[in-house]
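See below for query_24.txt, which holds compact mmCIF, C-alpha atoms.
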```
# COMPACT_ATOMS: atom_id res chain seq x y z
CA MET A 1 24.21 31.99 -5.04
CA LYS A 2 25.99 28.90 -3.89
CA ALA A 3 24.81 27.26 -0.69
CA LYS A 4 26.91 24.96 1.44
CA VAL A 5 24.82 22.96 3.88
CA LYS A 6 26.25 20.98 6.76
CA VAL A 7 23.95 18.44 8.38
CA THR A 8 25.12 17.09 11.73
CA LEU A 9 23.66 14.93 14.46
CA LYS A 10 22.30 16.85 17.41
CA THR A 11 24.26 16.77 20.63
CA GLY A 12 23.25 13.75 22.66
CA VAL A 13 22.27 11.64 19.65
CA LEU A 14 24.48 8.58 19.54
CA ASP A 15 26.76 8.45 16.52
CA PRO A 16 28.10 4.90 16.18
CA GLN A 17 29.94 5.81 12.96
CA GLY A 18 31.70 8.67 14.72
CA LYS A 19 32.65 6.28 17.54
CA ALA A 20 34.03 3.76 15.01
CA ILE A 21 36.10 6.48 13.32
CA GLU A 22 37.41 7.62 16.69
CA HIS A 23 38.35 4.07 17.59
CA THR A 24 40.18 3.53 14.29
CA LEU A 25 42.03 6.83 14.60
CA SER A 26 43.21 5.76 18.00
CA ALA A 27 44.26 2.35 16.61
CA LEU A 28 46.28 4.20 13.95
CA GLY A 29 48.17 5.98 16.69
CA PHE A 30 46.43 9.35 16.55
CA GLY A 31 46.21 10.12 20.24
CA GLY A 32 44.11 12.70 21.99
CA VAL A 33 41.17 12.55 19.59
CA SER A 34 37.69 12.62 21.09
CA GLY A 35 34.16 13.68 20.25
CA VAL A 36 34.28 12.47 16.61
CA ARG A 37 30.94 13.11 14.90
CA GLN A 38 30.14 12.31 11.29
CA GLY A 39 27.79 14.43 9.24
CA LYS A 40 26.78 15.28 5.69
CA TYR A 41 27.85 18.11 3.42
CA ILE A 42 25.59 19.23 0.57
CA GLU A 43 26.30 21.91 -2.04
CA LEU A 44 23.58 23.67 -4.02
CA GLU A 45 23.64 26.26 -6.76
CA LEU A 46 20.72 28.64 -6.57
CA ALA A 47 19.28 30.93 -9.22
CA GLU A 48 18.31 33.32 -6.40
CA ALA A 49 20.79 36.21 -6.10
CA ASP A 50 19.40 37.86 -2.98
CA GLU A 51 21.13 36.52 0.11
CA ALA A 52 18.19 36.77 2.48
CA ASP A 53 15.81 35.10 0.03
CA ALA A 54 18.37 32.40 -0.76
CA HIS A 55 18.85 31.72 2.95
CA ALA A 56 15.11 31.44 3.51
CA ALA A 57 14.78 29.04 0.59
CA VAL A 58 17.62 26.77 1.73
CA LYS A 59 16.29 26.82 5.30
CA ALA A 60 12.95 25.57 3.98
CA MET A 61 14.75 22.84 2.00
CA CYS A 62 16.59 21.76 5.15
CA GLU A 63 13.40 21.63 7.20
CA LYS A 64 11.51 19.71 4.54
CA LEU A 65 14.10 17.32 3.12
CA LEU A 66 17.82 17.86 3.64
CA ALA A 67 17.81 17.30 7.41
CA ASN A 68 15.66 15.23 9.72
CA THR A 69 15.24 17.77 12.48
CA VAL A 70 14.28 15.08 14.98
CA ILE A 71 17.94 14.13 15.20
CA GLU A 72 19.88 16.52 12.97
CA ASN A 73 20.96 20.15 12.99
CA TYR A 74 21.84 22.05 9.85
CA ASP A 75 24.12 24.96 9.10
CA ILE A 76 23.84 27.09 5.96
CA GLU A 77 26.64 29.07 4.35
CA LEU A 78 26.06 31.22 1.28
CA GLU A 79 28.52 32.68 -1.18
CA PRO A 80 28.29 34.26 -4.63
CA LEU A 81 28.43 31.80 -7.53
CA MET B 1 -10.97 -5.74 2.42
CA LYS B 2 -9.46 -3.87 -0.48
CA ALA B 3 -5.73 -3.35 -0.03
CA THR B 4 -3.32 -1.17 -1.97
CA VAL B 5 0.44 -1.68 -2.03
CA ILE B 6 2.47 1.39 -2.96
CA VAL B 7 5.46 0.53 -5.14
CA PHE B 8 8.44 2.89 -4.96
CA PRO B 9 11.54 2.68 -7.12
CA GLY B 10 13.63 0.28 -5.04
CA SER B 11 10.78 -1.45 -3.19
CA ASN B 12 11.55 -5.16 -3.05
CA CYS B 13 9.02 -6.67 -0.63
CA ASP B 14 5.99 -5.42 -2.54
CA ARG B 15 5.25 -8.75 -4.20
CA ASP B 16 5.84 -10.76 -1.02
CA VAL B 17 3.37 -8.63 0.89
CA ALA B 18 0.91 -8.88 -2.02
CA VAL B 19 0.98 -12.68 -1.68
CA SER B 20 0.32 -12.45 2.06
CA LEU B 21 -2.53 -10.00 1.51
CA GLU B 22 -4.10 -12.16 -1.17
CA GLN B 23 -3.88 -15.22 1.07
CA ALA B 24 -5.62 -13.30 3.86
CA THR B 25 -8.30 -11.56 1.82
CA GLY B 26 -8.84 -13.87 -1.14
CA ARG B 27 -8.14 -11.14 -3.65
CA PRO B 28 -4.97 -9.53 -4.91
CA PRO B 29 -4.19 -6.02 -3.70
CA GLU B 30 -3.88 -3.15 -6.10
CA MET B 31 -0.24 -2.37 -6.86
CA LEU B 32 0.09 1.39 -7.16
CA TRP B 33 3.18 3.14 -8.57
CA HIS B 34 4.49 5.95 -6.37
CA GLY B 35 4.07 8.52 -9.15
CA SER B 36 0.28 8.37 -8.94
CA SER B 37 -1.23 11.49 -7.48
CA GLU B 38 -4.11 9.67 -5.84
CA VAL B 39 -4.79 6.38 -4.07
CA PRO B 40 -8.07 4.97 -5.39
CA SER B 41 -10.57 4.16 -2.64
CA THR B 42 -9.08 1.48 -0.39
CA ASP B 43 -9.33 0.03 3.12
CA LEU B 44 -5.63 -0.52 3.68
CA ILE B 45 -2.50 1.11 2.28
CA VAL B 46 0.75 -0.85 2.58
CA LEU B 47 4.17 0.76 2.29
CA PRO B 48 6.42 -2.23 1.63
CA GLY B 49 10.00 -2.98 2.54
CA GLY B 50 12.94 -2.35 0.28
CA PHE B 51 15.36 0.42 -0.52
CA SER B 52 13.21 3.18 -1.98
CA TYR B 53 15.37 5.63 -3.93
CA GLY B 54 18.43 3.62 -2.98
CA ASP B 55 18.21 4.94 0.60
CA TYR B 56 19.70 8.21 -0.71
CA LEU B 57 20.05 11.05 1.81
CA ARG B 58 18.22 9.09 4.55
CA CYS B 59 16.15 5.91 4.35
CA GLY B 60 12.64 6.85 3.32
CA ALA B 61 13.39 10.57 2.95
CA MET B 62 12.77 10.75 -0.78
CA ALA B 63 9.85 8.32 -0.81
CA ALA B 64 8.13 10.39 1.88
CA HIS B 65 7.83 13.15 -0.72
CA SER B 66 6.77 10.95 -3.63
CA PRO B 67 3.69 12.29 -5.45
CA VAL B 68 1.45 9.55 -4.02
CA MET B 69 2.42 10.28 -0.42
CA ARG B 70 0.35 13.45 -0.18
CA ASP B 71 -2.81 11.39 -0.66
CA VAL B 72 -1.49 8.60 1.57
CA VAL B 73 -1.03 11.16 4.37
CA ASP B 74 -4.50 12.64 3.74
CA LYS B 75 -6.13 9.22 3.73
CA ALA B 76 -4.22 8.13 6.84
CA LYS B 77 -5.43 11.25 8.62
CA SER B 78 -9.01 10.47 7.71
CA GLY B 79 -8.73 6.94 9.10
CA THR B 80 -7.62 4.67 6.25
CA ARG B 81 -5.44 1.95 7.78
CA VAL B 82 -1.77 2.20 6.84
CA LEU B 83 0.85 -0.50 7.37
CA GLY B 84 4.54 0.32 6.88
CA ILE B 85 7.00 -2.55 6.97
CA CYS B 86 10.74 -1.91 7.34
CA ASN B 87 11.46 0.73 4.67
CA GLY B 88 7.72 1.46 4.88
CA PHE B 89 8.17 2.25 8.61
CA GLN B 90 11.07 4.56 7.73
CA ILE B 91 8.84 6.31 5.17
CA LEU B 92 6.09 6.72 7.80
CA THR B 93 8.46 8.47 10.22
CA GLU B 94 9.94 10.64 7.45
CA SER B 95 6.45 11.67 6.34
CA GLY B 96 5.43 12.57 9.89
CA LEU B 97 2.66 9.98 10.16
CA LEU B 98 4.61 8.33 12.99
CA PRO B 99 6.93 10.08 15.46
CA GLY B 100 10.63 9.43 15.94
CA VAL B 101 13.31 8.23 13.61
CA LEU B 102 15.02 5.01 12.52
CA MET B 103 18.76 5.40 12.90
CA GLN B 104 21.60 3.22 11.81
CA ASN B 105 21.87 -0.01 13.79
CA MET B 106 24.06 0.40 16.87
CA SER B 107 26.31 -2.39 15.55
CA LEU B 108 26.77 -0.54 12.22
CA LYS B 109 25.94 -3.87 10.61
CA TYR B 110 23.10 -4.93 8.37
CA VAL B 111 21.07 -7.42 10.40
CA CYS B 112 19.24 -10.18 8.53
CA ARG B 113 17.92 -12.94 10.79
CA ASP B 114 14.94 -14.13 12.74
CA VAL B 115 14.27 -12.29 15.99
CA HIS B 116 11.54 -12.53 18.61
CA VAL B 117 9.06 -9.79 19.29
CA ARG B 118 6.40 -9.44 21.93
CA VAL B 119 2.93 -8.42 20.79
CA GLU B 120 2.15 -5.53 23.12
CA ARG B 121 -1.51 -5.09 22.19
CA THR B 122 -4.07 -7.43 20.70
CA ASP B 123 -6.99 -5.01 20.52
CA THR B 124 -6.02 -3.29 17.27
CA ASP B 125 -7.05 -3.99 13.69
CA PHE B 126 -3.52 -5.23 13.05
CA THR B 127 -3.19 -7.70 15.91
CA ARG B 128 -6.68 -8.87 16.94
CA GLN B 129 -5.96 -12.42 15.80
CA TYR B 130 -2.89 -12.78 17.99
CA GLY B 131 -5.03 -14.11 20.83
CA ASN B 132 -3.39 -13.36 24.13
CA GLY B 133 -0.39 -11.77 22.51
CA GLY B 134 2.71 -13.70 23.24
CA VAL B 135 5.93 -13.89 21.31
CA LEU B 136 6.43 -14.10 17.54
CA ARG B 137 9.47 -15.37 15.68
CA ILE B 138 9.86 -13.08 12.74
CA PRO B 139 12.65 -11.97 10.38
CA VAL B 140 14.31 -8.58 10.34
CA ALA B 141 16.51 -7.36 7.50
CA HIS B 142 17.74 -3.81 7.91
CA HIS B 143 20.64 -1.47 8.46
CA GLU B 144 18.59 1.41 9.86
CA GLY B 145 16.15 -0.04 12.37
CA ASN B 146 17.35 1.62 15.53
CA TYR B 147 14.18 3.40 16.61
CA ASN B 148 14.66 6.57 18.60
CA ALA B 149 12.73 9.58 19.75
CA ASP B 150 13.15 12.08 22.57
CA GLU B 151 12.30 10.82 26.05
CA GLU B 152 9.06 12.77 26.15
CA THR B 153 7.85 11.14 22.92
CA LEU B 154 8.91 7.69 24.12
CA ASP B 155 7.03 8.22 27.40
CA ARG B 156 3.98 9.36 25.49
CA LEU B 157 4.09 6.29 23.24
CA GLU B 158 4.23 4.08 26.34
CA ASP B 159 1.50 5.96 28.20
CA GLU B 160 -0.83 5.90 25.22
CA GLY B 161 -0.22 2.20 24.56
CA ARG B 162 1.26 2.91 21.15
CA VAL B 163 4.15 0.46 21.29
CA ALA B 164 3.03 -2.36 18.99
CA PHE B 165 5.94 -4.80 19.23
CA ARG B 166 9.13 -5.07 21.28
CA TYR B 167 12.21 -7.18 20.66
CA CYS B 168 12.45 -9.86 23.32
CA THR B 169 13.92 -13.24 24.16
CA PRO B 170 12.04 -16.37 23.01
CA ASP B 171 10.45 -16.33 26.48
CA GLY B 172 9.21 -12.78 26.09
CA GLU B 173 11.77 -11.12 28.34
CA LEU B 174 12.94 -7.65 27.32
CA ASP B 175 16.67 -8.04 27.13
CA ARG B 176 19.35 -5.88 25.58
CA ASP B 177 20.86 -8.88 23.79
CA ALA B 178 17.49 -9.63 22.19
CA ASN B 179 17.48 -6.19 20.59
CA PRO B 180 19.05 -6.50 17.11
CA ASN B 181 19.60 -2.80 16.45
CA GLY B 182 19.79 -0.84 19.70
CA SER B 183 16.32 0.67 19.44
CA ALA B 184 15.04 2.67 22.39
CA ARG B 185 13.08 0.54 24.88
CA ASN B 186 13.37 -2.45 22.51
CA ILE B 187 10.74 -0.91 20.25
CA ALA B 188 10.15 -2.85 17.02
CA GLY B 189 6.91 -1.19 15.94
CA ILE B 190 4.58 1.66 16.91
CA TYR B 191 1.07 2.94 16.24
CA ASN B 192 -0.18 6.43 15.56
CA GLU B 193 -2.51 8.09 18.08
CA ASP B 194 -5.62 6.36 16.74
CA GLY B 195 -4.05 2.94 16.29
CA THR B 196 -4.82 3.11 12.57
CA VAL B 197 -1.25 3.47 11.31
CA LEU B 198 1.34 0.81 12.17
CA GLY B 199 5.03 0.89 11.37
CA LEU B 200 7.29 -2.04 12.20
CA MET B 201 10.79 -3.15 11.28
CA PRO B 202 10.24 -6.95 11.22
CA HIS B 203 8.80 -8.55 8.09
CA PRO B 204 5.53 -10.40 8.81
CA GLU B 205 5.19 -11.21 5.08
CA ARG B 206 8.37 -13.27 5.21
CA LEU B 207 6.90 -15.73 7.70
CA ALA B 208 3.30 -15.99 6.63
CA ASP B 209 3.31 -19.36 4.88
CA PRO B 210 4.51 -22.78 6.05
CA GLN B 211 6.73 -22.97 2.97
CA LEU B 212 8.69 -20.01 4.33
CA GLY B 213 9.46 -21.88 7.54
CA GLY B 214 6.85 -20.31 9.79
CA THR B 215 3.52 -18.56 9.98
CA ASP B 216 3.92 -16.14 12.88
CA GLY B 217 3.42 -13.16 10.55
CA LYS B 218 0.22 -14.46 9.05
CA ALA B 219 -2.20 -13.30 11.75
CA LEU B 220 -1.27 -9.69 11.09
CA PHE B 221 -2.77 -9.94 7.61
CA SER B 222 -5.74 -12.04 8.69
CA SER B 223 -6.40 -9.57 11.53
CA LEU B 224 -6.66 -6.76 9.00
CA ALA B 225 -8.81 -8.88 6.68
CA GLU B 226 -11.18 -9.63 9.55
CA ALA B 227 -11.28 -6.07 10.88
CA LEU B 228 -11.76 -4.41 7.51
CA GLN B 229 -13.96 -6.96 5.76
```

What does this structure look like when you write it as structure tokens?
Amino acid sequence: MKAKVKVTLKTGVLDPQGKAIEHTLSALGFGGVSGVRQGKYIELELAEADEADAHAAVKAMCEKLLANTVIENYDIELEPL
Amino acid sequence: MKATVIVFPGSNCDRDVAVSLEQATGRPPEMLWHGSSEVPSTDLIVLPGGFSYGDYLRCGAMAAHSPVMRDVVDKAKSGTRVLGICNGFQILTESGLLPGVLMQNMSLKYVCRDVHVRVERTDTDFTRQYGNGGVLRIPVAHHEGNYNADEETLDRLEDEGRVAFRYCTPDGELDRDANPNGSARNIAGIYNEDGTVLGLMPHPERLADPQLGGTDGKALFSSLAEALQ
């Protein structure tokens, strides 16, 4: 299976990069933009074909390495390879 | 005191800290490559500054899972003293030996300059030679030194006297402008529950010899040498 993992900062955690992007967007004339948050996107190809097992494996990877759960949330999407 | 410096791919303060340790103890520390599965018997483990694994994913995230870290964590839990400087502090939080996280500096800029920190406790193995505490002038050099944790954890660190150093003015005042990275409550370094593991962002090894322009970092190494002799 293919896994697409999104890692984002938890609500309430300051995101100075997001703020800088928001500021620059506004300077470029893009009005009405707020709440810009920057995150990470990670793709993985898994030998595992069973969706539930693949999800459990990727969840464990997120908890152990891909995300720092003190400040980050993660979201897992799976699709066939 | 026998000291061991762990060398990760991308460490770059390992030799500086080795010089400081040798000056304090009279013998060179063992330099141990991160791929080792075991840390030979030692009194102090140092995780040095640098850019382990190129700071990929998050600073310290890869190094925290290096083969050697399993034994570092085991030894830390059984009381071996562990000192993490800068990237070493980031590795300590990523490995769970210290709480919280080191986020990108609020300014989004890499900060490389001398700052002042207040020694919050002088009754630990790391700081016993700092006399009555006071203020140190000490260099920082980092892009991710903005210490944060949830309010409950921060309160616990304060209540348990686990804040080791705080950024301050030269007079010792806690001031927002004296904080180079936006860290919560001006925290520059913290201890674990037993006071046996210390992580700090400033670099004591970079001001531990008069030739480097100052010696305010030196007592940290001589404190350890005295405590663990």

Query raised in the report: If you count all atoms listed in the file, which residues fall within 6 Å of region 118-131 of chain B, apart from same-chain ones fewer than 3 positions away, as a list in words?
Result: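 Counting all atoms listed in the file, the residues come to Gly134, Val135, Ala164, Phe165, Arg166, Ala219, Leu220, Ser223, Leu224 and Ala227 of chain B.
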
Requested in this report: Give as a PyMOL selection string every residue, naming chains and numbers as the document does, that has an atom within 6 Å of (0.3, 8.6, 11.0), counting all atoms listed in the file.
Outcome: chain B and resi 97-98+192+197

Output the selection as an mmCIF file, keeping the file's coordinate frame - C-alpha atoms for each residue.
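Full text of again_33.cif as output:
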```cif
data_model
loop_
_atom_site.group_PDB
_atom_site.id
_atom_site.type_symbol
_atom_site.label_atom_id
_atom_site.label_comp_id
_atom_site.auth_asym_id
_atom_site.auth_seq_id
_atom_site.Cartn_x
_atom_site.Cartn_y
_atom_site.Cartn_z
ATOM 1 C CA LEU B 97 2.660 9.980 10.160
ATOM 2 C CA LEU B 98 4.610 8.330 12.990
ATOM 3 C CA ASN B 192 -0.180 6.430 15.560
ATOM 4 C CA VAL B 197 -1.250 3.470 11.310
#
```

Residues of chain B at most 9 Å from chain A: nearest atom pair and distance in Å, all atoms listed in the file, as a Markdown table:
```
| residue | atom | partner | partner_atom | distance |
| --- | --- | --- | --- | --- |
| B:Leu57 | CA | A:Leu66 | CA | 7.4 |
| B:Arg58 | CA | A:Asn68 | CA | 8.4 |
| B:Ala61 | CA | A:Leu65 | CA | 6.8 |
| B:Met62 | CA | A:Leu65 | CA | 7.8 |
| B:His65 | CA | A:Leu65 | CA | 8.5 |
| B:Glu94 | CA | A:Asn68 | CA | 7.7 |
| B:Pro99 | CA | A:Val70 | CA | 8.9 |
| B:Gly100 | CA | A:Val70 | CA | 6.8 |
| B:Val101 | CA | A:Val70 | CA | 7.1 |
| B:Gln104 | CA | A:Pro16 | CA | 8.0 |
| B:Asn105 | CA | A:Pro16 | CA | 8.3 |
| B:Met106 | CA | A:Pro16 | CA | 6.1 |
| B:Ser107 | CA | A:Pro16 | CA | 7.5 |
| B:Leu108 | CA | A:Pro16 | CA | 6.9 |
| B:Asn148 | CA | A:Ile71 | CA | 8.9 |
| B:Ala149 | CA | A:Val70 | CA | 7.4 |
| B:Asp150 | CA | A:Val70 | CA | 8.2 |
```

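Close contacts of Gly39 (chain A), defined as residues with an atom at most 7 Å away when counting only C-alpha atoms, with chain neighbours fewer than 5 positions off set aside, comprise Val7, Thr8 and Leu9 of chain A.
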
Report task. Could you jot down the CA of Glu152 (chain B) to CA of Pro202 (chain B) separation for me, Å, one decimal place? Result -> 24.8 Å

Query raised in the report: Could you state the separation of CA of Arg81 (chain B) and CA of Val39 (chain B) in Å, given to one decimal place?
Result: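 A separation of 12.7 Å between them.
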
Requested in this report: Within 12 Å of Ile85 (chain B), counting only C-alpha atoms, which residues show up once you throw out same-chain ones fewer than 2 positions away? Write them as a VMD selection string, please.
Outcome: chain B and resid 5 to 6 11 to 14 16 to 17 45 to 51 60 82 to 83 87 to 93 139 to 142 145 188 to 190 197 to 206 217 220

Requested in this report: Fewer than 2 positions away in the same chain doesn't count, so skip those; otherwise give me all residues within 12 Å of region 49-61 of chain A, counting all atoms listed in the file, as a ChimeraX atom specification.
Outcome: /A:1-7,42-47,63-69,73-81
